[in-house]
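Structure below is start-v5.json: JSON, C-alpha atoms.
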[["chain", "number", "residue", "atom", "x", "y", "z"],
["U", 24, "MET", "CA", 79.44, -46.43, 72.43],
["U", 25, "HIS", "CA", 79.48, -44.56, 69.11],
["U", 26, "PRO", "CA", 76.88, -45.87, 66.60],
["U", 27, "GLU", "CA", 79.57, -46.64, 64.02],
["U", 28, "SER", "CA", 81.47, -48.78, 66.50],
["U", 29, "GLN", "CA", 78.29, -50.75, 67.18],
["U", 30, "THR", "CA", 77.72, -51.13, 63.43],
["U", 31, "THR", "CA", 81.22, -52.54, 62.97],
["U", 32, "ARG", "CA", 80.66, -55.13, 65.70],
["U", 33, "ASN", "CA", 77.27, -56.09, 64.30],
["U", 34, "VAL", "CA", 78.76, -56.59, 60.82],
["U", 35, "SER", "CA", 81.57, -58.72, 62.25],
["U", 36, "SER", "CA", 79.01, -61.04, 63.82],
["U", 37, "LEU", "CA", 76.91, -61.54, 60.69],
["U", 38, "LYS", "CA", 76.68, -65.10, 59.37],
["U", 39, "PRO", "CA", 75.66, -66.39, 55.92],
["U", 40, "ASN", "CA", 72.20, -67.33, 57.28],
["U", 41, "ASP", "CA", 71.64, -63.70, 58.26],
["U", 42, "GLY", "CA", 70.52, -63.38, 54.66],
["U", 43, "TRP", "CA", 70.10, -60.01, 53.04],
["U", 44, "ARG", "CA", 72.14, -58.15, 55.68],
["U", 45, "VAL", "CA", 75.34, -59.96, 54.67],
["U", 46, "TRP", "CA", 74.77, -59.19, 51.01],
["U", 47, "TRP", "CA", 73.74, -55.61, 51.72],
["U", 48, "MET", "CA", 76.95, -54.99, 53.65],
["U", 49, "LEU", "CA", 78.90, -56.66, 50.85],
["U", 50, "LEU", "CA", 77.61, -53.91, 48.54],
["U", 51, "ARG", "CA", 79.16, -51.33, 50.92],
["U", 52, "PRO", "CA", 76.10, -49.07, 50.71],
["U", 53, "HIS", "CA", 77.89, -46.02, 52.13],
["U", 54, "THR", "CA", 79.86, -45.83, 48.85],
["U", 55, "LEU", "CA", 76.83, -45.96, 46.54],
["U", 56, "THR", "CA", 75.90, -42.31, 46.97],
["U", 57, "ALA", "CA", 79.20, -41.55, 45.22],
["U", 58, "ALA", "CA", 77.59, -43.22, 42.19],
["U", 59, "PHE", "CA", 74.12, -41.71, 42.64],
["U", 60, "VAL", "CA", 75.02, -38.05, 43.25],
["U", 61, "PRO", "CA", 77.09, -37.44, 40.06],
["U", 62, "VAL", "CA", 74.33, -38.86, 37.86],
["U", 63, "MET", "CA", 71.81, -36.59, 39.58],
["U", 64, "ILE", "CA", 73.95, -33.49, 39.10],
["U", 65, "GLY", "CA", 74.77, -34.25, 35.46],
["U", 66, "THR", "CA", 71.09, -34.84, 34.72],
["U", 67, "LEU", "CA", 69.96, -31.68, 36.54],
["U", 68, "LEU", "CA", 72.48, -29.64, 34.56],
["U", 69, "ALA", "CA", 70.97, -31.15, 31.41],
["U", 70, "LEU", "CA", 67.51, -30.24, 32.70],
["U", 71, "LEU", "CA", 68.67, -26.62, 32.89],
["U", 72, "GLU", "CA", 69.32, -26.98, 29.15],
["U", 73, "ASN", "CA", 65.71, -28.18, 28.78],
["U", 74, "SER", "CA", 66.80, -31.70, 27.96],
["U", 75, "LEU", "CA", 65.65, -34.76, 29.90],
["U", 76, "HIS", "CA", 65.07, -38.38, 28.86],
["U", 77, "ILE", "CA", 63.84, -40.38, 31.86],
["U", 78, "GLY", "CA", 64.88, -43.72, 30.34],
["U", 79, "LEU", "CA", 68.45, -42.53, 29.83],
["U", 80, "PHE", "CA", 68.57, -41.11, 33.35],
["U", 81, "LEU", "CA", 67.38, -44.37, 34.95],
["U", 82, "ALA", "CA", 69.71, -46.50, 32.82],
["U", 83, "MET", "CA", 72.68, -44.29, 33.64],
["U", 84, "LEU", "CA", 71.82, -44.27, 37.33],
["U", 85, "LEU", "CA", 71.53, -48.05, 37.53],
["U", 86, "ALA", "CA", 74.67, -48.62, 35.46],
["U", 87, "SER", "CA", 76.65, -46.25, 37.66],
["U", 88, "ILE", "CA", 75.47, -47.95, 40.86],
["U", 89, "LEU", "CA", 76.23, -51.39, 39.42],
["U", 90, "ILE", "CA", 79.75, -50.39, 38.37],
["U", 91, "GLN", "CA", 80.41, -49.00, 41.85],
["U", 92, "SER", "CA", 78.99, -52.17, 43.41],
["U", 93, "ALA", "CA", 81.15, -54.33, 41.13],
["U", 94, "THR", "CA", 84.19, -52.30, 42.14],
["U", 95, "ASN", "CA", 83.32, -53.04, 45.77],
["U", 96, "MET", "CA", 83.06, -56.77, 44.93],
["U", 97, "PHE", "CA", 86.49, -56.78, 43.33],
["U", 98, "ASN", "CA", 87.88, -54.85, 46.29],
["U", 99, "GLU", "CA", 86.44, -57.49, 48.63],
["U", 100, "TYR", "CA", 87.83, -60.36, 46.55],
["U", 101, "PHE", "CA", 91.34, -59.04, 45.96],
["U", 102, "ASP", "CA", 91.77, -57.79, 49.54],
["U", 103, "TYR", "CA", 90.97, -61.35, 50.60],
["U", 104, "LYS", "CA", 93.34, -62.91, 48.06],
["U", 105, "ARG", "CA", 96.19, -60.65, 49.19],
["U", 106, "GLY", "CA", 95.54, -61.33, 52.85],
["U", 107, "LEU", "CA", 94.53, -57.75, 53.70],
["U", 108, "ASP", "CA", 91.14, -58.70, 55.14],
["U", 109, "THR", "CA", 91.08, -60.59, 58.44],
["U", 110, "LYS", "CA", 88.39, -61.27, 61.01],
["U", 111, "GLU", "CA", 89.83, -58.38, 63.02],
["U", 112, "SER", "CA", 89.68, -55.87, 60.16],
["U", 113, "VAL", "CA", 87.71, -52.69, 60.88],
["U", 114, "GLY", "CA", 84.92, -51.65, 58.52],
["U", 115, "ILE", "CA", 81.96, -53.23, 56.78],
["U", 116, "GLY", "CA", 84.05, -55.16, 54.26],
["U", 117, "GLY", "CA", 85.29, -58.68, 54.97],
["U", 118, "ALA", "CA", 82.21, -60.71, 54.02],
["U", 119, "ILE", "CA", 84.53, -63.48, 52.83],
["U", 120, "VAL", "CA", 86.68, -63.81, 55.96],
["U", 121, "ARG", "CA", 84.00, -63.01, 58.54],
["U", 122, "ASN", "CA", 80.71, -64.13, 57.02],
["U", 123, "GLY", "CA", 81.71, -67.19, 55.01],
["U", 124, "ILE", "CA", 80.80, -65.92, 51.54],
["U", 125, "LYS", "CA", 82.74, -67.90, 48.93],
["U", 126, "PRO", "CA", 85.45, -65.83, 47.17],
["U", 127, "LYS", "CA", 84.40, -66.98, 43.70],
["U", 128, "THR", "CA", 80.80, -65.99, 44.44],
["U", 129, "VAL", "CA", 81.94, -62.44, 45.19],
["U", 130, "LEU", "CA", 84.10, -62.33, 42.04],
["U", 131, "TYR", "CA", 81.35, -63.70, 39.79],
["U", 132, "LEU", "CA", 78.85, -61.28, 41.30],
["U", 133, "GLY", "CA", 81.15, -58.39, 40.38],
["U", 134, "PHE", "CA", 81.41, -59.58, 36.79],
["U", 135, "SER", "CA", 77.62, -60.10, 36.68],
["U", 136, "PHE", "CA", 77.13, -56.47, 37.67],
["U", 137, "PHE", "CA", 79.51, -55.49, 34.87],
["U", 138, "GLY", "CA", 77.47, -57.62, 32.45],
["U", 139, "ILE", "CA", 74.22, -55.88, 33.36],
["U", 140, "SER", "CA", 76.00, -52.51, 33.07],
["U", 141, "ILE", "CA", 77.09, -53.40, 29.53],
["U", 142, "ILE", "CA", 73.49, -54.20, 28.56],
["U", 143, "LEU", "CA", 72.37, -50.86, 29.98],
["U", 144, "GLY", "CA", 75.28, -49.24, 28.15],
["U", 145, "VAL", "CA", 74.05, -50.61, 24.83],
["U", 146, "TYR", "CA", 70.65, -49.02, 25.48],
["U", 147, "ILE", "CA", 72.32, -45.72, 26.37],
["U", 148, "CYS", "CA", 74.50, -45.84, 23.24],
["U", 149, "LEU", "CA", 71.52, -46.55, 20.99],
["U", 150, "LEU", "CA", 69.89, -43.34, 22.19],
["U", 151, "SER", "CA", 73.03, -41.19, 22.35],
["U", 152, "SER", "CA", 76.47, -42.06, 20.98],
["U", 153, "TRP", "CA", 78.61, -45.19, 20.69],
["U", 154, "TRP", "CA", 81.53, -43.20, 22.06],
["U", 155, "ILE", "CA", 79.85, -43.73, 25.43],
["U", 156, "ALA", "CA", 80.71, -47.42, 25.08],
["U", 157, "VAL", "CA", 84.43, -46.60, 24.95],
["U", 158, "VAL", "CA", 84.24, -44.34, 27.99],
["U", 159, "GLY", "CA", 82.09, -46.87, 29.86],
["U", 160, "LEU", "CA", 84.55, -49.70, 29.24],
["U", 161, "ILE", "CA", 87.40, -47.50, 30.48],
["U", 162, "CYS", "CA", 85.39, -46.79, 33.66],
["U", 163, "MET", "CA", 84.81, -50.50, 34.22],
["U", 164, "ALA", "CA", 88.49, -51.24, 33.64],
["U", 165, "ALA", "CA", 89.38, -48.59, 36.23],
["U", 166, "GLY", "CA", 86.94, -50.21, 38.67],
["U", 167, "TYR", "CA", 88.53, -53.63, 38.17],
["U", 168, "PHE", "CA", 92.15, -52.51, 38.28],
["U", 169, "TYR", "CA", 91.53, -50.36, 41.35],
["U", 170, "THR", "CA", 92.33, -53.45, 43.43],
["U", 171, "GLY", "CA", 92.91, -56.04, 40.68],
["U", 172, "GLY", "CA", 95.83, -56.63, 38.36],
["U", 173, "PRO", "CA", 99.57, -56.73, 39.09],
["U", 174, "ILE", "CA", 99.79, -53.11, 40.26],
["U", 175, "PRO", "CA", 96.42, -52.11, 41.78],
["U", 176, "ILE", "CA", 95.58, -48.41, 41.70],
["U", 177, "ALA", "CA", 94.66, -48.66, 45.38],
["U", 178, "TYR", "CA", 98.29, -49.52, 46.17],
["U", 179, "THR", "CA", 99.56, -46.28, 44.65],
["U", 180, "PRO", "CA", 99.29, -42.57, 45.56],
["U", 181, "PHE", "CA", 96.86, -42.08, 42.67],
["U", 182, "GLY", "CA", 93.77, -43.71, 44.17],
["U", 183, "GLU", "CA", 92.16, -40.43, 45.23],
["U", 184, "LEU", "CA", 92.83, -38.83, 41.85],
["U", 185, "MET", "CA", 91.42, -41.77, 39.91],
["U", 186, "SER", "CA", 88.29, -42.18, 42.05],
["U", 187, "GLY", "CA", 87.52, -38.46, 41.94],
["U", 188, "PHE", "CA", 88.11, -38.27, 38.19],
["U", 189, "PHE", "CA", 86.06, -41.30, 37.16],
["U", 190, "MET", "CA", 83.26, -41.16, 39.75],
["U", 191, "GLY", "CA", 83.04, -37.38, 39.82],
["U", 192, "VAL", "CA", 84.10, -35.77, 36.56],
["U", 193, "ILE", "CA", 83.44, -38.58, 34.05],
["U", 194, "ILE", "CA", 80.08, -39.72, 35.44],
["U", 195, "ILE", "CA", 78.73, -36.16, 35.55],
["U", 196, "LEU", "CA", 79.93, -35.46, 32.01],
["U", 197, "ILE", "CA", 78.45, -38.70, 30.65],
["U", 198, "SER", "CA", 75.14, -38.05, 32.43],
["U", 199, "PHE", "CA", 74.99, -34.59, 30.85],
["U", 200, "PHE", "CA", 76.18, -35.70, 27.40],
["U", 201, "ILE", "CA", 73.66, -38.51, 26.91],
["U", 202, "GLN", "CA", 70.87, -36.00, 27.56],
["U", 203, "THR", "CA", 72.18, -33.07, 25.51],
["U", 204, "GLY", "CA", 74.67, -34.49, 23.02],
["U", 205, "THR", "CA", 77.34, -32.02, 24.11],
["U", 206, "ILE", "CA", 79.67, -31.01, 26.95],
["U", 207, "THR", "CA", 79.79, -27.51, 28.40],
["U", 208, "PHE", "CA", 82.40, -25.70, 30.45],
["U", 209, "THR", "CA", 79.77, -25.14, 33.16],
["U", 210, "THR", "CA", 79.26, -28.90, 33.46],
["U", 211, "VAL", "CA", 83.00, -29.47, 33.83],
["U", 212, "LEU", "CA", 83.16, -26.84, 36.57],
["U", 213, "HIS", "CA", 80.29, -28.43, 38.50],
["U", 214, "SER", "CA", 82.04, -31.80, 38.37],
["U", 215, "ILE", "CA", 85.19, -30.55, 40.11],
["U", 216, "PRO", "CA", 83.88, -30.01, 43.68],
["U", 217, "ILE", "CA", 82.01, -33.31, 43.50],
["U", 218, "ALA", "CA", 85.19, -35.07, 42.38],
["U", 219, "ILE", "CA", 87.02, -33.52, 45.33],
["U", 220, "THR", "CA", 84.48, -34.74, 47.90],
["U", 221, "ILE", "CA", 84.49, -38.22, 46.36],
["U", 222, "ALA", "CA", 88.30, -38.32, 46.51],
["U", 223, "ALA", "CA", 88.01, -37.24, 50.15],
["U", 224, "ILE", "CA", 86.15, -40.48, 50.95],
["U", 225, "LEU", "CA", 89.09, -42.54, 49.72],
["U", 226, "LEU", "CA", 91.62, -40.32, 51.49],
["U", 227, "ALA", "CA", 89.69, -40.76, 54.76],
["U", 228, "ASN", "CA", 89.67, -44.51, 54.21],
["U", 229, "ASN", "CA", 93.42, -44.50, 53.62],
["U", 230, "ILE", "CA", 94.06, -42.38, 56.71],
["U", 231, "ARG", "CA", 92.14, -44.92, 58.78],
["U", 232, "ASP", "CA", 93.97, -47.90, 57.24],
["U", 233, "LEU", "CA", 97.41, -46.24, 57.09],
["U", 234, "ASP", "CA", 99.26, -48.57, 59.46],
["U", 235, "GLY", "CA", 97.81, -51.77, 58.03],
["U", 236, "ASP", "CA", 98.35, -50.61, 54.44],
["U", 237, "LYS", "CA", 101.98, -49.80, 55.20],
["U", 238, "LYS", "CA", 102.57, -53.29, 56.59],
["U", 239, "ASN", "CA", 101.08, -54.82, 53.45],
["U", 240, "GLY", "CA", 103.25, -52.83, 51.06],
["U", 241, "ARG", "CA", 100.80, -50.24, 49.89],
["U", 242, "LYS", "CA", 102.07, -46.77, 49.01],
["U", 243, "THR", "CA", 98.94, -44.67, 49.32],
["U", 244, "LEU", "CA", 99.01, -40.90, 49.43],
["U", 245, "ALA", "CA", 98.32, -40.99, 53.17],
["U", 246, "ILE", "CA", 101.36, -43.21, 53.70],
["U", 247, "LEU", "CA", 103.64, -41.05, 51.57],
["U", 248, "ILE", "CA", 102.82, -37.77, 53.32],
["U", 249, "GLY", "CA", 102.04, -39.13, 56.77],
["U", 250, "ARG", "CA", 98.86, -39.16, 58.85],
["U", 251, "GLN", "CA", 99.01, -35.57, 60.10],
["U", 252, "LYS", "CA", 99.60, -34.06, 56.68],
["U", 253, "ALA", "CA", 96.92, -36.31, 55.23],
["U", 254, "ILE", "CA", 94.41, -34.92, 57.75],
["U", 255, "ILE", "CA", 95.46, -31.40, 56.78],
["U", 256, "LEU", "CA", 95.03, -32.36, 53.12],
["U", 257, "LEU", "CA", 91.53, -33.70, 53.86],
["U", 258, "ALA", "CA", 90.60, -30.38, 55.45],
["U", 259, "GLY", "CA", 92.11, -28.54, 52.49],
["U", 260, "MET", "CA", 90.06, -30.63, 50.04],
["U", 261, "PHE", "CA", 86.84, -29.75, 51.83],
["U", 262, "ILE", "CA", 87.78, -26.05, 51.90],
["U", 263, "THR", "CA", 88.66, -26.15, 48.18],
["U", 264, "ALA", "CA", 85.30, -27.71, 47.32],
["U", 265, "TYR", "CA", 83.39, -24.97, 49.14],
["U", 266, "LEU", "CA", 85.56, -22.20, 47.68],
["U", 267, "PHE", "CA", 85.00, -23.63, 44.22],
["U", 268, "ILE", "CA", 81.25, -23.24, 44.67],
["U", 269, "LEU", "CA", 81.84, -19.62, 45.67],
["U", 270, "PHE", "CA", 83.97, -19.14, 42.56],
["U", 271, "MET", "CA", 81.20, -20.48, 40.32],
["U", 272, "ILE", "CA", 78.60, -18.23, 41.96],
["U", 273, "LEU", "CA", 80.72, -15.08, 41.70],
["U", 274, "PHE", "CA", 81.51, -15.70, 38.02],
["U", 275, "GLY", "CA", 77.96, -16.62, 37.05],
["U", 276, "TYR", "CA", 78.38, -20.35, 36.40],
["U", 277, "THR", "CA", 75.72, -21.19, 38.96],
["U", 278, "THR", "CA", 73.23, -19.30, 41.11],
["U", 279, "TRP", "CA", 73.28, -18.32, 44.76],
["U", 280, "TRP", "CA", 71.08, -21.34, 45.46],
["U", 281, "SER", "CA", 74.24, -23.45, 45.22],
["U", 282, "PHE", "CA", 75.31, -21.88, 48.50],
["U", 283, "LEU", "CA", 73.03, -24.46, 50.10],
["U", 284, "VAL", "CA", 76.13, -26.69, 50.16],
["U", 285, "LEU", "CA", 77.37, -24.58, 53.09],
["U", 286, "LEU", "CA", 74.89, -26.48, 55.26],
["U", 287, "SER", "CA", 77.23, -29.48, 55.01],
["U", 288, "ILE", "CA", 80.19, -27.61, 56.56],
["U", 289, "PRO", "CA", 79.47, -28.83, 60.14],
["U", 290, "LYS", "CA", 79.62, -32.43, 58.92],
["U", 291, "ALA", "CA", 82.93, -31.81, 57.11],
["U", 292, "THR", "CA", 84.35, -30.08, 60.17],
["U", 293, "PHE", "CA", 83.29, -33.00, 62.36],
["U", 294, "ALA", "CA", 84.99, -35.46, 59.97],
["U", 295, "VAL", "CA", 88.33, -33.67, 60.15],
["U", 296, "LYS", "CA", 88.19, -33.15, 63.92],
["U", 297, "GLN", "CA", 87.44, -36.84, 64.52],
["U", 298, "PHE", "CA", 90.70, -37.81, 62.82],
["U", 299, "ILE", "CA", 92.86, -35.54, 64.97],
["U", 300, "GLY", "CA", 94.79, -37.39, 67.65],
["U", 301, "LYS", "CA", 93.44, -40.81, 66.63],
["U", 302, "THR", "CA", 95.71, -43.72, 65.68],
["U", 303, "LYS", "CA", 93.52, -46.84, 65.94],
["U", 304, "PRO", "CA", 91.24, -47.70, 62.99],
["U", 305, "ILE", "CA", 88.21, -48.27, 65.22],
["U", 306, "GLU", "CA", 88.67, -44.77, 66.68],
["U", 307, "MET", "CA", 88.61, -43.26, 63.20],
["U", 308, "MET", "CA", 85.42, -44.95, 62.01],
["U", 309, "PRO", "CA", 83.24, -41.92, 62.99],
["U", 310, "ALA", "CA", 85.53, -39.69, 60.89],
["U", 311, "MET", "CA", 85.34, -42.09, 57.96],
["U", 312, "LYS", "CA", 81.54, -42.21, 58.19],
["U", 313, "ALA", "CA", 81.29, -38.41, 58.47],
["U", 314, "THR", "CA", 83.47, -37.94, 55.37],
["U", 315, "ALA", "CA", 81.16, -40.16, 53.30],
["U", 316, "GLU", "CA", 78.14, -38.31, 54.71],
["U", 317, "THR", "CA", 79.74, -34.98, 53.78],
["U", 318, "ASN", "CA", 80.01, -36.13, 50.17],
["U", 319, "THR", "CA", 76.38, -37.22, 50.19],
["U", 320, "LEU", "CA", 75.09, -34.06, 51.85],
["U", 321, "PHE", "CA", 77.24, -31.78, 49.67],
["U", 322, "GLY", "CA", 76.01, -33.48, 46.51],
["U", 323, "PHE", "CA", 72.33, -33.51, 47.49],
["U", 324, "LEU", "CA", 72.39, -29.86, 48.56],
["U", 325, "LEU", "CA", 74.02, -28.87, 45.27],
["U", 326, "SER", "CA", 71.36, -30.91, 43.46],
["U", 327, "ILE", "CA", 68.62, -29.10, 45.36],
["U", 328, "GLY", "CA", 70.18, -25.77, 44.41],
["U", 329, "LEU", "CA", 70.23, -26.77, 40.73],
["U", 330, "PHE", "CA", 66.62, -27.93, 40.87],
["U", 331, "ILE", "CA", 65.48, -24.68, 42.49],
["U", 332, "GLN", "CA", 67.41, -22.85, 39.78],
["U", 333, "PHE", "CA", 65.43, -24.82, 37.17],
["U", 334, "ILE", "CA", 61.97, -24.18, 38.63],
["U", 335, "THR", "CA", 62.69, -20.47, 39.10],
["U", 336, "LEU", "CA", 63.87, -19.87, 35.54]]

Output the structure of this file as structure tokens.
Amino acid sequence: MHPESQTTRNVSSLKPNDGWRVWWMLLRPHTLTAAFVPVMIGTLLALLENSLHIGLFLAMLLASILIQSATNMFNEYFDYKRGLDTKESVGIGGAIVRNGIKPKTVLYLGFSFFGISIILGVYICLLSSWWIAVVGLICMAAGYFYTGGPIPIAYTPFGELMSGFFMGVIIILISFFIQTGTITFTTVLHSIPIAITIAAILLANNIRDLDGDKKNGRKTLAILIGRQKAIILLAGMFITAYLFILFMILFGYTTWWSFLVLLSIPKATFAVKQFIGKTKPIEMMPAMKATAETNTLFGFLLSIGLFIQFITL
């Protein structure tokens, strides 16, 4: 049995008295690296400009993780309210329908995370700019309306674009700006491949859930173009991310150390191959996991390259 399949069964059997494991799975920890990595990269790029405030870094990191966690809470709540989550659903979501967590508890927890993020945002603004408050509120609104509101973003073909833009581009730019007080073209370029790999996580999720989403009226990108073309698009996104790193190296926007990201190619290749010929969600869980791991590995390797660049200056 594949480890991911075992994980899915274990999660399905969790009960409220299983304590921290239920709540940990409710956070959907595999998504949290998509919040951690962009903050790391934005801060490391600021470090290359000889600018680093540890307090701002830690506040930004925690706020980013809390906003992502809150988004996961809202996803859990609204999927339950719309009848998308059942006891038979595949994945580590479904704490409400499978583990007996009260819906309002999940919703209030999401808003509590937003509240803490706002407090952290005030601290960040006091040490940088109050324009960050505007951008931060927009990010939180995007997190809520991803599955909330009358027309959730997750029900449209724009989910991948929005997740990549906000979690990749915006978070990296904010992390850099609060340290340096400016935005550079180099920072924007570095945010693009990260945004692509983050968007790939959502595309992989939508490929896995394609049949169920179609039955429930969603119109995701994977549904519009079909499973096979969506798998080809996923492969194309990975290829584009790697080629973008090559572009930055050749034109002097980063050093050859950034080629460390190539070490994540086997994981990306595995993710794409595991989707081919699969139609059942449980069969595609290894591909979904590998896609998330590709994002994590890609981001950490790029971070290592930037740090080596800093210490060798």

> CA of Gly240 in chain U and CA of Leu256 in chain U, how far apart in Å?
Replying inline: 22.2 Å

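Going from CA of Phe330 in chain U over to CA of Met63 in chain U, you cover 10.2 Å.
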
> Using all atoms listed in the file, what residues lie at most 9 Å away from (86.5, -56.0, 43.0) (file coordinates), given as an MDAnalysis selection string?
Replying inline: chainID U and resid 92:102 129:130 133:134 166:171

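Using all atoms listed in the file, the nearest neighbour of Ser186 in chain U within the list U:Ala310, U:Met163, U:Leu269, U:Lys125 is U:Met163.
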
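By chain and then residue number, the residues within 12 Å of Trp279 in chain U are Ile268, Leu269, Phe270, Met271, Ile272, Leu273, Leu285, Leu325, Ile327, Gly328, Leu329, Ile331 and Gln332 of chain U, counting all atoms listed in the file and disregarding those fewer than 6 positions away in sequence.
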
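Separating CA of Lys127 in chain U from CA of Val45 in chain U is a distance of 15.9 Å.
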
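With all atoms listed in the file as the atoms that count, the residue of U:Leu225, U:Ala177, U:Cys148, U:Ala245 with the shortest distance to Leu79 in chain U is U:Cys148.
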
> Leaving out Thr243 in chain U and any residue of its chain fewer than 3 positions from it, which residues lie within 12 Å of it when counting all atoms listed in the file, given as JSON, numbers by chain?
Replying inline: {"U": [175, 176, 177, 178, 179, 180, 181, 182, 183, 184, 225, 226, 227, 228, 229, 230, 231, 232, 233, 234, 235, 236, 237, 238, 239, 240, 246, 247, 248, 249, 250, 253]}

> Taking only C-alpha atoms into account, which of U:Ile299, U:Ile201, U:Ile88, U:Leu286 comes nearest Ala258 in chain U?
Replying inline: U:Ile299

> Taking into account only C-alpha atoms, which residue in the set U:Asn318, U:Val295, U:Ser151, U:Thr54 is nearest to Ile217 in chain U?
Replying inline: U:Asn318

> Restricting the calculation to all atoms listed in the file, which member of U:Ala86, U:Ile124, U:Lys303, U:Lys104 is positioned closest to Ser140 in chain U?
Replying inline: U:Ala86

> Which residue gives the smallest distance to Arg51 in chain U among U:Gly275, U:Lys312, U:Phe208, U:Leu320, with all atoms listed in the file counted?
Replying inline: U:Lys312

Take every atom of range 298-303 of chain U listed in the file, fit an axis-aligned box around them, add 6 Å per side, and give the centre and edge lengths in Å to one decimal as JSON.
{"center_x": 93.2, "center_y": -41.2, "center_z": 65.2, "size_x": 17.0, "size_y": 23.3, "size_z": 16.8}

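With distances taken from (80.0, -28.9, 59.6) and restricted to all atoms listed in the file, the residues inside 12 Å are U:Ala258, U:Phe261, U:Ile262, U:Tyr265, U:Val284, U:Leu285, U:Leu286, U:Ser287, U:Ile288, U:Pro289, U:Lys290, U:Ala291, U:Thr292, U:Phe293, U:Ala294, U:Val295, U:Lys296, U:Gln297, U:Ala313, U:Thr314, U:Glu316, U:Thr317, U:Asn318, U:Leu320, U:Phe321.
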